[in-house]
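Source file: entry_5.cif (mmCIF, C-alpha atoms)
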data_model
#
loop_
_atom_site.label_atom_id
_atom_site.label_comp_id
_atom_site.auth_asym_id
_atom_site.auth_seq_id
_atom_site.Cartn_x
_atom_site.Cartn_y
_atom_site.Cartn_z
CA MET A 1 -11.12 18.29 -34.64
CA ALA A 2 -14.75 19.35 -34.63
CA ASP A 3 -17.58 17.44 -36.22
CA ALA A 4 -18.26 20.54 -38.27
CA ALA A 5 -15.08 19.88 -40.23
CA CYS A 6 -16.64 16.69 -41.60
CA GLU A 7 -20.26 17.71 -41.98
CA ASP A 8 -19.94 18.12 -45.74
CA ARG A 9 -18.33 14.72 -46.38
CA PRO A 10 -18.15 11.20 -44.94
CA LEU A 11 -15.54 10.37 -42.31
CA THR A 12 -12.28 8.90 -43.55
CA PHE A 13 -9.80 6.72 -41.70
CA GLU A 14 -7.52 9.76 -41.55
CA ASP A 15 -10.25 11.65 -39.67
CA LEU A 16 -10.34 8.88 -37.07
CA VAL A 17 -6.57 9.05 -36.62
CA ARG A 18 -6.61 12.85 -36.40
CA TRP A 19 -9.20 12.62 -33.62
CA PHE A 20 -6.57 10.92 -31.42
CA GLU A 21 -3.89 13.38 -32.60
CA ALA A 22 -6.11 16.23 -31.44
CA GLY A 23 -5.43 15.12 -27.88
CA CYS A 24 -1.79 16.26 -28.09
CA LYS A 25 -1.09 19.14 -25.69
CA PRO A 26 2.13 20.90 -24.67
CA PRO A 27 3.46 19.67 -21.31
CA SER A 28 2.62 23.01 -19.71
CA GLU A 29 -1.06 22.21 -20.29
CA HIS A 30 -1.00 18.62 -19.02
CA LEU A 31 -3.67 17.91 -16.41
CA VAL A 32 -4.96 14.86 -14.53
CA GLY A 33 -8.50 13.55 -14.25
CA ALA A 34 -9.39 11.19 -11.41
CA GLU A 35 -12.37 8.82 -11.42
CA HIS A 36 -13.66 6.41 -8.83
CA GLU A 37 -16.69 4.18 -8.33
CA LYS A 38 -18.32 2.94 -5.13
CA PHE A 39 -21.16 0.63 -4.22
CA VAL A 40 -24.32 2.16 -2.75
CA PHE A 41 -26.01 0.07 -0.06
CA ARG A 42 -28.95 0.29 2.33
CA ARG A 43 -27.68 0.62 5.86
CA ALA A 44 -30.66 -1.21 7.31
CA ASP A 45 -29.98 -4.53 5.57
CA LEU A 46 -26.78 -3.96 3.49
CA GLY A 47 -28.77 -4.62 0.32
CA PRO A 48 -28.28 -2.99 -3.09
CA VAL A 49 -30.26 0.14 -3.94
CA PRO A 50 -32.80 0.30 -6.79
CA TYR A 51 -33.16 3.34 -9.02
CA ASP A 52 -36.72 4.24 -8.00
CA GLY A 53 -38.28 4.76 -4.59
CA PRO A 54 -38.05 7.35 -1.82
CA ALA A 55 -34.53 6.19 -0.90
CA GLY A 56 -33.38 5.07 -4.34
CA ILE A 57 -30.55 6.11 -6.65
CA ASN A 58 -32.80 8.68 -8.30
CA ALA A 59 -33.46 10.30 -4.91
CA LEU A 60 -29.72 10.33 -4.23
CA LEU A 61 -29.00 12.10 -7.53
CA GLU A 62 -31.77 14.62 -6.98
CA GLY A 63 -30.56 15.26 -3.43
CA LEU A 64 -27.10 16.16 -4.71
CA MET A 65 -28.53 18.94 -6.89
CA ARG A 66 -28.62 21.20 -3.82
CA PHE A 67 -24.82 21.43 -4.20
CA GLY A 68 -25.02 22.96 -7.66
CA TRP A 69 -25.05 19.78 -9.72
CA LYS A 70 -27.25 19.87 -12.84
CA GLY A 71 -29.19 16.81 -13.93
CA VAL A 72 -28.50 14.89 -17.15
CA TYR A 73 -31.61 13.08 -18.32
CA GLU A 74 -32.44 10.08 -20.43
CA GLY A 75 -36.16 10.41 -21.02
CA GLU A 76 -37.59 11.38 -17.63
CA ASN A 77 -34.81 9.71 -15.63
CA VAL A 78 -31.85 11.53 -14.13
CA ILE A 79 -28.91 9.34 -15.13
CA ALA A 80 -25.98 11.68 -14.36
CA LEU A 81 -25.04 15.05 -12.89
CA GLU A 82 -22.75 17.78 -14.19
CA ARG A 83 -20.96 20.62 -12.42
CA GLY A 84 -18.34 22.48 -14.37
CA LYS A 85 -16.09 19.87 -15.98
CA ALA A 86 -16.88 17.18 -13.39
CA ASN A 87 -19.71 14.71 -13.52
CA VAL A 88 -21.38 12.04 -11.42
CA SER A 89 -22.68 9.04 -13.33
CA LEU A 90 -24.16 5.61 -12.77
CA GLU A 91 -22.62 2.29 -13.65
CA PRO A 92 -25.02 -0.50 -14.69
CA GLY A 93 -25.79 -1.75 -11.18
CA GLY A 94 -26.04 1.66 -9.59
CA GLN A 95 -22.35 1.99 -8.72
CA PHE A 96 -21.84 5.69 -8.12
CA GLU A 97 -19.00 7.27 -10.09
CA LEU A 98 -17.26 10.61 -9.80
CA SER A 99 -15.46 11.63 -12.98
CA GLY A 100 -13.49 14.59 -11.74
CA ALA A 101 -12.54 17.71 -13.64
CA PRO A 102 -9.10 17.80 -15.29
CA LEU A 103 -6.90 19.39 -12.61
CA ALA A 104 -3.28 20.48 -12.30
CA THR A 105 -2.22 18.99 -8.96
CA MET A 106 -2.86 16.07 -6.67
CA HIS A 107 -3.81 18.56 -3.95
CA GLU A 108 -6.72 19.76 -6.09
CA ILE A 109 -7.73 16.19 -6.95
CA CYS A 110 -7.83 15.09 -3.32
CA GLU A 111 -9.74 18.23 -2.35
CA GLU A 112 -12.27 17.54 -5.13
CA THR A 113 -12.61 13.90 -4.05
CA GLY A 114 -13.06 14.85 -0.42
CA ALA A 115 -15.73 17.45 -1.23
CA HIS A 116 -17.62 14.88 -3.31
CA LEU A 117 -17.52 12.27 -0.55
CA GLN A 118 -18.74 14.86 1.95
CA GLU A 119 -21.64 15.88 -0.29
CA ILE A 120 -22.83 12.36 -0.99
CA LYS A 121 -22.57 11.44 2.70
CA ILE A 122 -24.88 14.32 3.66
CA VAL A 123 -27.55 13.13 1.21
CA ALA A 124 -27.01 9.43 1.87
CA ASP A 125 -27.39 9.92 5.63
CA GLU A 126 -30.82 11.43 5.02
CA LEU A 127 -31.81 8.42 2.89
CA GLY A 128 -30.36 5.69 5.09
CA LEU A 129 -27.74 4.79 2.48
CA GLY A 130 -24.02 4.12 2.63
CA PHE A 131 -21.10 3.80 0.21
CA LEU A 132 -18.54 1.00 0.07
CA GLY A 133 -15.05 1.13 -1.46
CA LEU A 134 -14.21 -2.35 -2.77
CA GLY A 135 -13.33 -3.77 -6.17
CA PHE A 136 -16.09 -6.41 -6.14
CA THR A 137 -19.32 -6.53 -4.18
CA PRO A 138 -18.75 -8.79 -1.17
CA LEU A 139 -22.32 -10.01 -0.69
CA TRP A 140 -24.71 -9.56 -3.60
CA ARG A 141 -25.52 -12.13 -6.22
CA ARG A 142 -25.64 -10.87 -9.78
CA GLU A 143 -29.40 -11.34 -9.95
CA ASP A 144 -29.86 -9.26 -6.76
CA VAL A 145 -28.37 -6.14 -8.30
CA PRO A 146 -30.93 -3.68 -9.75
CA VAL A 147 -30.48 -2.45 -13.32
CA MET A 148 -30.14 1.28 -13.93
CA PRO A 149 -32.43 2.78 -16.62
CA LYS A 150 -29.73 3.67 -19.18
CA GLY A 151 -30.21 2.59 -22.78
CA ARG A 152 -26.60 1.67 -23.43
CA TYR A 153 -26.59 -0.72 -20.47
CA LYS A 154 -29.59 -2.63 -21.79
CA ILE A 155 -27.71 -3.21 -25.04
CA MET A 156 -24.52 -4.26 -23.25
CA ARG A 157 -26.44 -6.55 -20.90
CA GLN A 158 -27.87 -8.47 -23.84
CA TYR A 159 -24.55 -8.65 -25.71
CA MET A 160 -22.11 -9.50 -22.90
CA PRO A 161 -23.12 -13.16 -22.36
CA LYS A 162 -22.50 -13.84 -26.06
CA VAL A 163 -18.80 -12.99 -25.84
CA GLY A 164 -17.60 -13.83 -22.31
CA GLY A 165 -18.48 -15.56 -19.08
CA MET A 166 -18.05 -12.65 -16.66
CA GLY A 167 -19.14 -9.55 -18.56
CA LEU A 168 -22.28 -9.18 -16.48
CA ASP A 169 -20.22 -9.42 -13.30
CA MET A 170 -18.04 -6.62 -14.67
CA MET A 171 -21.13 -4.49 -15.28
CA PHE A 172 -23.00 -5.11 -12.05
CA ARG A 173 -20.53 -6.20 -9.38
CA THR A 174 -17.23 -4.29 -9.82
CA CYS A 175 -15.85 -0.88 -8.87
CA THR A 176 -12.61 0.74 -9.95
CA VAL A 177 -10.46 3.81 -9.47
CA GLN A 178 -8.94 5.39 -12.57
CA ALA A 179 -6.59 8.19 -13.63
CA ASN A 180 -6.59 10.01 -16.97
CA LEU A 181 -3.43 11.72 -18.19
CA ASP A 182 -2.34 13.75 -21.22
CA TYR A 183 0.28 13.25 -23.92
CA ALA A 184 2.32 15.83 -25.83
CA SER A 185 2.86 14.05 -29.14
CA GLU A 186 2.49 10.68 -30.81
CA ALA A 187 5.94 9.64 -29.54
CA ASP A 188 5.01 10.75 -26.01
CA MET A 189 1.74 8.81 -26.22
CA VAL A 190 3.58 5.68 -27.33
CA ALA A 191 6.13 5.92 -24.50
CA LYS A 192 3.40 6.44 -21.90
CA PHE A 193 1.10 3.77 -23.34
CA ARG A 194 3.82 1.11 -23.41
CA THR A 195 5.13 1.88 -19.94
CA SER A 196 1.74 2.09 -18.25
CA LEU A 197 0.32 -0.96 -20.01
CA ALA A 198 3.29 -3.09 -18.94
CA LEU A 199 3.14 -1.79 -15.37
CA GLN A 200 -0.65 -1.87 -15.00
CA PRO A 201 -0.52 -5.30 -13.29
CA ILE A 202 1.81 -3.80 -10.67
CA ALA A 203 -0.84 -1.19 -9.89
CA THR A 204 -3.45 -3.97 -9.83
CA ALA A 205 -1.45 -5.73 -7.11
CA LEU A 206 -0.94 -2.56 -5.04
CA PHE A 207 -4.66 -1.78 -5.14
CA ALA A 208 -5.98 -5.39 -4.89
CA ASN A 209 -9.08 -5.06 -2.74
CA SER A 210 -11.74 -7.59 -3.72
CA PRO A 211 -11.29 -10.96 -1.99
CA PHE A 212 -14.97 -11.73 -1.25
CA THR A 213 -17.90 -12.94 -3.35
CA GLU A 214 -21.37 -13.69 -1.98
CA GLY A 215 -20.18 -13.70 1.61
CA LYS A 216 -17.06 -15.87 1.29
CA PRO A 217 -13.44 -15.61 0.17
CA ASN A 218 -13.31 -16.09 -3.60
CA GLY A 219 -9.71 -17.26 -4.00
CA PHE A 220 -8.58 -13.96 -5.51
CA LEU A 221 -7.06 -10.80 -4.11
CA SER A 222 -8.56 -8.83 -6.99
CA ALA A 223 -11.71 -10.55 -8.22
CA ARG A 224 -12.31 -7.39 -10.26
CA ALA A 225 -9.10 -7.94 -12.22
CA ASN A 226 -9.99 -11.58 -12.78
CA VAL A 227 -13.41 -10.62 -14.19
CA TRP A 228 -11.70 -8.70 -16.99
CA THR A 229 -9.93 -11.86 -18.18
CA ASP A 230 -13.28 -13.30 -19.34
CA THR A 231 -15.43 -10.31 -20.30
CA ASP A 232 -14.97 -9.79 -24.05
CA PRO A 233 -11.74 -10.73 -25.84
CA ASP A 234 -12.49 -8.27 -28.66
CA ARG A 235 -12.19 -5.24 -26.41
CA THR A 236 -10.09 -6.14 -23.35
CA GLY A 237 -6.58 -7.24 -22.46
CA MET A 238 -2.95 -6.21 -22.74
CA LEU A 239 -2.94 -5.12 -26.43
CA HIS A 240 0.34 -6.66 -27.50
CA PHE A 241 0.50 -4.51 -30.63
CA VAL A 242 1.28 -1.52 -28.37
CA PHE A 243 4.76 -2.99 -27.79
CA GLN A 244 5.46 -3.63 -31.48
CA PRO A 245 7.65 -1.35 -33.64
CA GLY A 246 5.68 1.29 -35.49
CA PHE A 247 2.85 1.54 -32.96
CA GLY A 248 1.04 4.88 -33.03
CA PHE A 249 -2.30 6.61 -33.43
CA GLU A 250 -2.95 4.83 -36.71
CA THR A 251 -2.39 1.39 -35.17
CA TYR A 252 -4.81 2.09 -32.35
CA ALA A 253 -7.40 3.52 -34.75
CA ARG A 254 -7.24 0.29 -36.81
CA TYR A 255 -7.66 -1.74 -33.63
CA ALA A 256 -10.65 0.36 -32.53
CA LEU A 257 -12.20 0.00 -36.00
CA GLY A 258 -11.99 -3.76 -35.58
CA VAL A 259 -13.80 -3.79 -32.22
CA PRO A 260 -17.51 -4.58 -32.71
CA MET A 261 -19.90 -1.74 -31.91
CA TYR A 262 -22.47 -1.70 -29.11
CA PHE A 263 -24.75 1.18 -30.05
CA VAL A 264 -25.28 4.42 -31.93
CA LYS A 265 -26.62 7.30 -29.87
CA ARG A 266 -29.25 9.50 -31.46
CA ASP A 267 -32.34 10.66 -29.55
CA ARG A 268 -32.09 7.15 -28.07
CA TYR A 269 -29.58 4.31 -28.04
CA ILE A 270 -29.85 2.19 -31.18
CA ASP A 271 -28.71 -1.41 -30.75
CA VAL A 272 -26.03 -2.26 -33.33
CA ALA A 273 -24.18 -4.74 -31.11
CA GLY A 274 -21.68 -6.80 -33.07
CA ARG A 275 -21.71 -4.53 -36.13
CA ALA A 276 -18.55 -3.01 -37.62
CA PHE A 277 -17.81 0.70 -37.42
CA GLY A 278 -16.30 0.40 -40.90
CA ASP A 279 -19.72 -0.64 -42.24
CA PHE A 280 -21.22 2.38 -40.49
CA MET A 281 -18.70 4.57 -42.33
CA LYS A 282 -19.95 3.09 -45.60
CA GLY A 283 -23.58 3.75 -44.65
CA GLU A 284 -24.26 0.02 -44.50
CA LEU A 285 -25.77 -0.43 -41.02
CA ALA A 286 -29.16 -2.09 -41.45
CA GLU A 287 -30.42 -0.25 -38.36
CA LEU A 288 -29.48 3.15 -39.86
CA PRO A 289 -29.69 2.64 -43.62
CA GLY A 290 -27.64 5.16 -45.54
CA GLU A 291 -26.57 7.07 -42.41
CA LYS A 292 -22.87 7.65 -41.77
CA PRO A 293 -21.12 8.44 -38.49
CA SER A 294 -19.87 11.69 -37.02
CA LEU A 295 -16.74 12.10 -34.93
CA LYS A 296 -19.03 12.04 -31.88
CA ASP A 297 -20.05 8.51 -32.92
CA TRP A 298 -16.36 7.62 -33.14
CA ALA A 299 -15.73 9.08 -29.68
CA ASP A 300 -18.68 7.07 -28.31
CA HIS A 301 -17.30 3.91 -29.91
CA THR A 302 -13.83 4.36 -28.39
CA SER A 303 -15.49 4.58 -24.97
CA THR A 304 -16.83 1.02 -25.38
CA ILE A 305 -13.32 -0.48 -25.58
CA PHE A 306 -11.95 -1.75 -22.25
CA PRO A 307 -8.23 -2.65 -22.34
CA GLU A 308 -6.06 -2.24 -19.25
CA VAL A 309 -4.96 1.14 -20.65
CA ARG A 310 -7.32 2.97 -23.01
CA LEU A 311 -6.52 5.67 -25.55
CA LYS A 312 -8.99 8.47 -26.12
CA GLN A 313 -7.74 12.04 -26.45
CA TYR A 314 -5.80 11.16 -23.30
CA LEU A 315 -4.67 7.89 -21.69
CA GLU A 316 -6.79 6.10 -19.08
CA MET A 317 -5.20 3.95 -16.37
CA ARG A 318 -7.79 1.21 -15.71
CA GLY A 319 -6.10 -1.44 -13.56
CA ALA A 320 -7.04 -0.69 -9.94
CA ASP A 321 -9.70 -1.79 -7.46
CA ALA A 322 -11.70 0.86 -5.63
CA GLY A 323 -10.76 1.54 -2.02
CA PRO A 324 -10.69 4.16 0.76
CA TRP A 325 -10.31 7.89 0.19
CA SER A 326 -6.52 7.87 0.65
CA ARG A 327 -6.03 5.32 -2.14
CA LEU A 328 -8.39 7.22 -4.43
CA CYS A 329 -5.83 10.03 -4.31
CA ALA A 330 -2.88 7.64 -4.52
CA LEU A 331 -3.67 6.26 -7.98
CA PRO A 332 -3.46 9.56 -9.89
CA ALA A 333 -0.38 10.47 -7.84
CA LEU A 334 1.34 7.21 -8.80
CA TRP A 335 0.88 7.75 -12.53
CA THR A 336 1.42 11.50 -12.49
CA GLY A 337 4.86 11.10 -10.97
CA ILE A 338 5.77 8.66 -13.74
CA PHE A 339 4.09 10.36 -16.71
CA TYR A 340 4.82 14.03 -16.13
CA ASP A 341 8.55 13.87 -15.43
CA PRO A 342 10.57 12.63 -18.45
CA PRO A 343 13.43 11.02 -16.47
CA SER A 344 10.88 9.15 -14.37
CA LEU A 345 9.01 7.91 -17.44
CA ALA A 346 12.28 6.60 -18.86
CA ALA A 347 13.21 4.94 -15.56
CA ALA A 348 9.79 3.27 -15.34
CA TRP A 349 10.18 1.88 -18.88
CA ASP A 350 13.54 0.43 -17.85
CA LEU A 351 11.68 -1.67 -15.25
CA CYS A 352 9.59 -3.48 -17.85
CA LYS A 353 11.07 -2.97 -21.33
CA ASP A 354 12.46 -6.50 -21.59
CA TRP A 355 9.27 -8.36 -20.61
CA THR A 356 7.92 -10.72 -23.24
CA THR A 357 4.38 -11.02 -24.55
CA GLU A 358 3.94 -14.16 -22.49
CA GLU A 359 5.19 -12.41 -19.35
CA HIS A 360 2.75 -9.51 -19.86
CA ASP A 361 -0.16 -11.96 -20.01
CA GLN A 362 1.09 -14.13 -17.17
CA VAL A 363 1.65 -11.33 -14.66
CA ARG A 364 -1.73 -9.82 -15.51
CA ALA A 365 -3.38 -13.13 -14.61
CA ASP A 366 -1.15 -13.87 -11.62
CA VAL A 367 -1.58 -10.61 -9.71
CA ALA A 368 -5.33 -11.17 -9.46
CA ARG A 369 -4.61 -14.24 -7.32
CA LEU A 370 -1.15 -13.66 -5.88
CA GLY A 371 -0.91 -9.87 -5.58
CA LEU A 372 2.60 -8.65 -4.75
CA LYS A 373 3.87 -12.24 -4.53
CA ALA A 374 3.51 -12.73 -8.29
CA LYS A 375 6.69 -12.68 -10.37
CA VAL A 376 7.68 -11.24 -13.73
CA GLY A 377 11.04 -10.80 -15.43
CA GLY A 378 12.78 -12.76 -12.67
CA ARG A 379 11.59 -10.41 -9.91
CA THR A 380 8.65 -10.28 -7.53
CA VAL A 381 5.91 -7.77 -8.17
CA GLN A 382 6.65 -6.41 -4.68
CA GLU A 383 10.22 -5.53 -5.71
CA ILE A 384 9.00 -3.88 -8.89
CA ALA A 385 6.31 -1.99 -6.99
CA LYS A 386 8.91 -0.54 -4.62
CA ASP A 387 10.98 0.64 -7.58
CA MET A 388 7.89 2.01 -9.33
CA LEU A 389 6.94 4.00 -6.24
CA ALA A 390 10.46 5.36 -5.83
CA ILE A 391 10.41 6.51 -9.45
CA SER A 392 6.99 8.11 -9.05
CA ARG A 393 8.05 9.83 -5.84
CA GLN A 394 11.07 11.35 -7.55
CA GLY A 395 8.87 12.50 -10.42
CA LEU A 396 6.48 14.19 -8.00
CA LYS A 397 9.43 15.85 -6.24
CA ASN A 398 10.71 17.10 -9.57
CA ARG A 399 7.26 18.51 -10.42
CA ASN A 400 7.41 20.47 -7.16
CA ARG A 401 3.69 21.27 -7.05
CA LEU A 402 3.30 22.63 -3.53
CA SER A 403 0.19 23.02 -1.39
CA GLY A 404 0.25 26.25 0.55
CA GLY A 405 3.83 26.72 -0.59
CA LEU A 406 5.02 23.96 1.71
CA VAL A 407 3.98 20.38 0.91
CA ASP A 408 4.65 18.57 -2.36
CA GLU A 409 2.59 15.71 -3.83
CA THR A 410 4.68 12.79 -2.57
CA GLY A 411 2.55 12.31 0.56
CA TYR A 412 -0.27 10.89 -1.54
CA LEU A 413 1.87 7.79 -2.12
CA SER A 414 2.14 6.94 1.58
CA ASP A 415 -0.59 4.27 1.57
CA LEU A 416 1.06 2.55 -1.37
CA ASP A 417 4.49 2.73 0.31
CA GLU A 418 3.11 0.84 3.30
CA ILE A 419 1.56 -1.82 1.05
CA ALA A 420 4.72 -2.27 -1.04
CA ASP A 421 7.05 -2.32 1.97
CA SER A 422 4.96 -4.91 3.81
CA GLY A 423 4.23 -7.02 0.72
CA ILE A 424 0.66 -7.36 2.00
CA THR A 425 -2.17 -6.18 -0.23
CA PRO A 426 -5.35 -4.53 1.08
CA ALA A 427 -7.22 -7.72 0.17
CA GLU A 428 -4.92 -9.80 2.39
CA ARG A 429 -5.57 -7.40 5.28
CA LEU A 430 -9.31 -7.97 4.77
CA LEU A 431 -8.82 -11.73 4.72
CA GLU A 432 -6.82 -11.51 7.96
CA ALA A 433 -9.75 -9.67 9.54
CA TYR A 434 -12.26 -12.18 8.10
CA HIS A 435 -10.40 -15.17 9.54
CA GLY A 436 -9.63 -13.30 12.77
CA PRO A 437 -11.74 -10.68 14.56
CA TRP A 438 -14.61 -10.79 12.06
CA GLN A 439 -15.02 -14.54 12.71
CA GLY A 440 -16.08 -15.24 9.13
CA ASP A 441 -18.63 -12.40 8.95
CA VAL A 442 -18.16 -10.55 5.65
CA THR A 443 -20.77 -7.95 6.62
CA LYS A 444 -18.08 -6.38 8.83
CA VAL A 445 -16.50 -5.00 5.67
CA PHE A 446 -19.42 -2.58 5.35
CA GLU A 447 -18.22 -0.97 8.57
CA ALA A 448 -14.52 -1.19 7.79
CA LEU A 449 -14.60 0.26 4.27
CA ALA A 450 -17.68 2.50 4.21
CA TYR A 451 -16.96 6.11 3.28
#
Could you quickly redo this structure as structure tokens?
Amino acid sequence: MADAACEDRPLTFEDLVRWFEAGCKPPSEHLVGAEHEKFVFRRADLGPVPYDGPAGINALLEGLMRFGWKGVYEGENVIALERGKANVSLEPGGQFELSGAPLATMHEICEETGAHLQEIKIVADELGLGFLGLGFTPLWRREDVPVMPKGRYKIMRQYMPKVGGMGLDMMFRTCTVQANLDYASEADMVAKFRTSLALQPIATALFANSPFTEGKPNGFLSARANVWTDTDPDRTGMLHFVFQPGFGFETYARYALGVPMYFVKRDRYIDVAGRAFGDFMKGELAELPGEKPSLKDWADHTSTIFPEVRLKQYLEMRGADAGPWSRLCALPALWTGIFYDPPSLAAAWDLCKDWTTEEHDQVRADVARLGLKAKVGGRTVQEIAKDMLAISRQGLKNRNRLSGGLVDETGYLSDLDEIADSGITPAERLLEAYHGPWQGDVTKVFEALAY
């Protein structure tokens, strides 16, 4: 639904609901978008990289333009790049993110990811920079991390400490890998939302890859996942209403309306942190007296909500730590096999449909510390992960999307199969190395997990 449809009148609640409904697409048009973040570091001293300077983030962005990327500017600063339907953007502490184009197969996604990693390596080598795939920075203190010159991050940085103890860590010291998938109807959205939200902690365990903080083990396998438990209760968590009867687009729109705003974007970012979008709809924001929102403002607002699964005009899977190239391809493969094959979606729901509200919350907290050894519904997360992977693999087989007419998409799950079969998370492998051949030297991770 275009903004133009509402230009002659104020937005109504029905308009907000219809914006989500506009995401419905027939299954034949369902695509997958893959996103991943990585830390940028100086090879000389393993330190974080500021925006400015001859070997800064700005130089990295400008260097990538030789590959056909176009700059996106905020004032005079390049803050993102666009090429076709893909973009490269900056997280608050300079974490480098690829938001890939919506694509039809895992083969295309892994090819896109590989091309991106090759491009950034060419430029980074010239600048003496490297990239690290971990869920939480293993060395840097929060105050060591430079702040990127994006207006929305200044607003968030000021607001976060008012609502949670680890919001600034989320902004400056975490990296994730994410998959975005389509829905065909409201009923299809509900089935996918419920299943993926319940199983998100299983993915968190499979991808757990952040056991170090400031040079030492931090007591977690996914410190990134733990950070989200104390970031902002208004906009994070397991969203128990998703599992209640009657859940749908309208329920989520009411939830999103109740989440306090961060900003309104005009020619600049206007700080309205803590204000209600409903007041904006009435023209009652003191910062914008008499002005009412557009659907673009609504879309911006929905992007400032951070539950484990997020609804936009597609569903975002948000529960995984960043890692090596092979696992960047594995996450979209895992969810595609479940989402885009109806029998597989039904089988995945059977794994988790009887879990209680308390169990959802408990397993979310437990996997951050215990990984695949956590338990839910009378089973270990390892057992559930094996079943989840088997279901996904069958879904990918049923999709039968072949590369070169020969190879289907199931191979992208191989890293996860090894993790689930062994019961040992990537974080535990890192801890084994730390206590063994690394002899307590966390800096070795910059060699082991650099792209």
Produce a table with one row for each residue of stretch 258-351 of chain A that has an atom at most 8 Å from any atom of stretch 380-395 of chain A, each row naming the nearest atom pair and its distance in Å at one decimal; use all atoms listed in the file; arrange rows by chain and rising residue number; format as a Markdown table.
| residue | atom | partner | partner_atom | distance |
| --- | --- | --- | --- | --- |
| A:Ala333 | CA | A:Ser392 | CA | 7.8 |
| A:Leu334 | CA | A:Ser392 | CA | 5.7 |
| A:Trp335 | CA | A:Ser392 | CA | 7.0 |
| A:Thr336 | CA | A:Ser392 | CA | 7.4 |
| A:Gly337 | CA | A:Ser392 | CA | 4.1 |
| A:Ile338 | CA | A:Ser392 | CA | 4.9 |
| A:Tyr340 | CA | A:Gly395 | CA | 7.2 |
| A:Asp341 | CA | A:Gly395 | CA | 5.2 |
| A:Pro343 | CA | A:Gly395 | CA | 7.7 |
| A:Ser344 | CA | A:Gly395 | CA | 5.6 |
| A:Ala347 | CA | A:Ile391 | CA | 6.9 |
| A:Ala348 | CA | A:Met388 | CA | 6.4 |
| A:Leu351 | CA | A:Ile384 | CA | 7.2 |
Any chance you could export the current selection's C-alpha atoms as a PDB file, keeping the file's coordinate frame?
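Full text of out07.pdb as output:
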ATOM      1  CA  ALA A 333      -0.380  10.470  -7.840  1.00  0.00           C
ATOM      2  CA  LEU A 334       1.340   7.210  -8.800  1.00  0.00           C
ATOM      3  CA  TRP A 335       0.880   7.750 -12.530  1.00  0.00           C
ATOM      4  CA  THR A 336       1.420  11.500 -12.490  1.00  0.00           C
ATOM      5  CA  GLY A 337       4.860  11.100 -10.970  1.00  0.00           C
ATOM      6  CA  ILE A 338       5.770   8.660 -13.740  1.00  0.00           C
ATOM      7  CA  TYR A 340       4.820  14.030 -16.130  1.00  0.00           C
ATOM      8  CA  ASP A 341       8.550  13.870 -15.430  1.00  0.00           C
ATOM      9  CA  PRO A 343      13.430  11.020 -16.470  1.00  0.00           C
ATOM     10  CA  SER A 344      10.880   9.150 -14.370  1.00  0.00           C
ATOM     11  CA  ALA A 347      13.210   4.940 -15.560  1.00  0.00           C
ATOM     12  CA  ALA A 348       9.790   3.270 -15.340  1.00  0.00           C
ATOM     13  CA  LEU A 351      11.680  -1.670 -15.250  1.00  0.00           C
TER      14      LEU A 351
END
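Atom CA of A:Arg235 lies 17.9 Å from atom CA of A:Gly248.
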From A:Leu127, A:Leu372, A:Ala286, A:Met160, residue lying nearest A:Leu61 [all atoms listed in the file]: A:Leu127
12 Å contact set for A:Arg254, only C-alpha atoms, chain neighbours under 2 positions out, as a PyMOL selection string: chain A and resi 13-14+16-17+20+241+247-252+256-259+276-278+302
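Minimum distance to A:Phe207 across A:Ile305, A:Val442, A:Leu103, A:Leu416 (counting only C-alpha atoms) occurs at A:Leu416.
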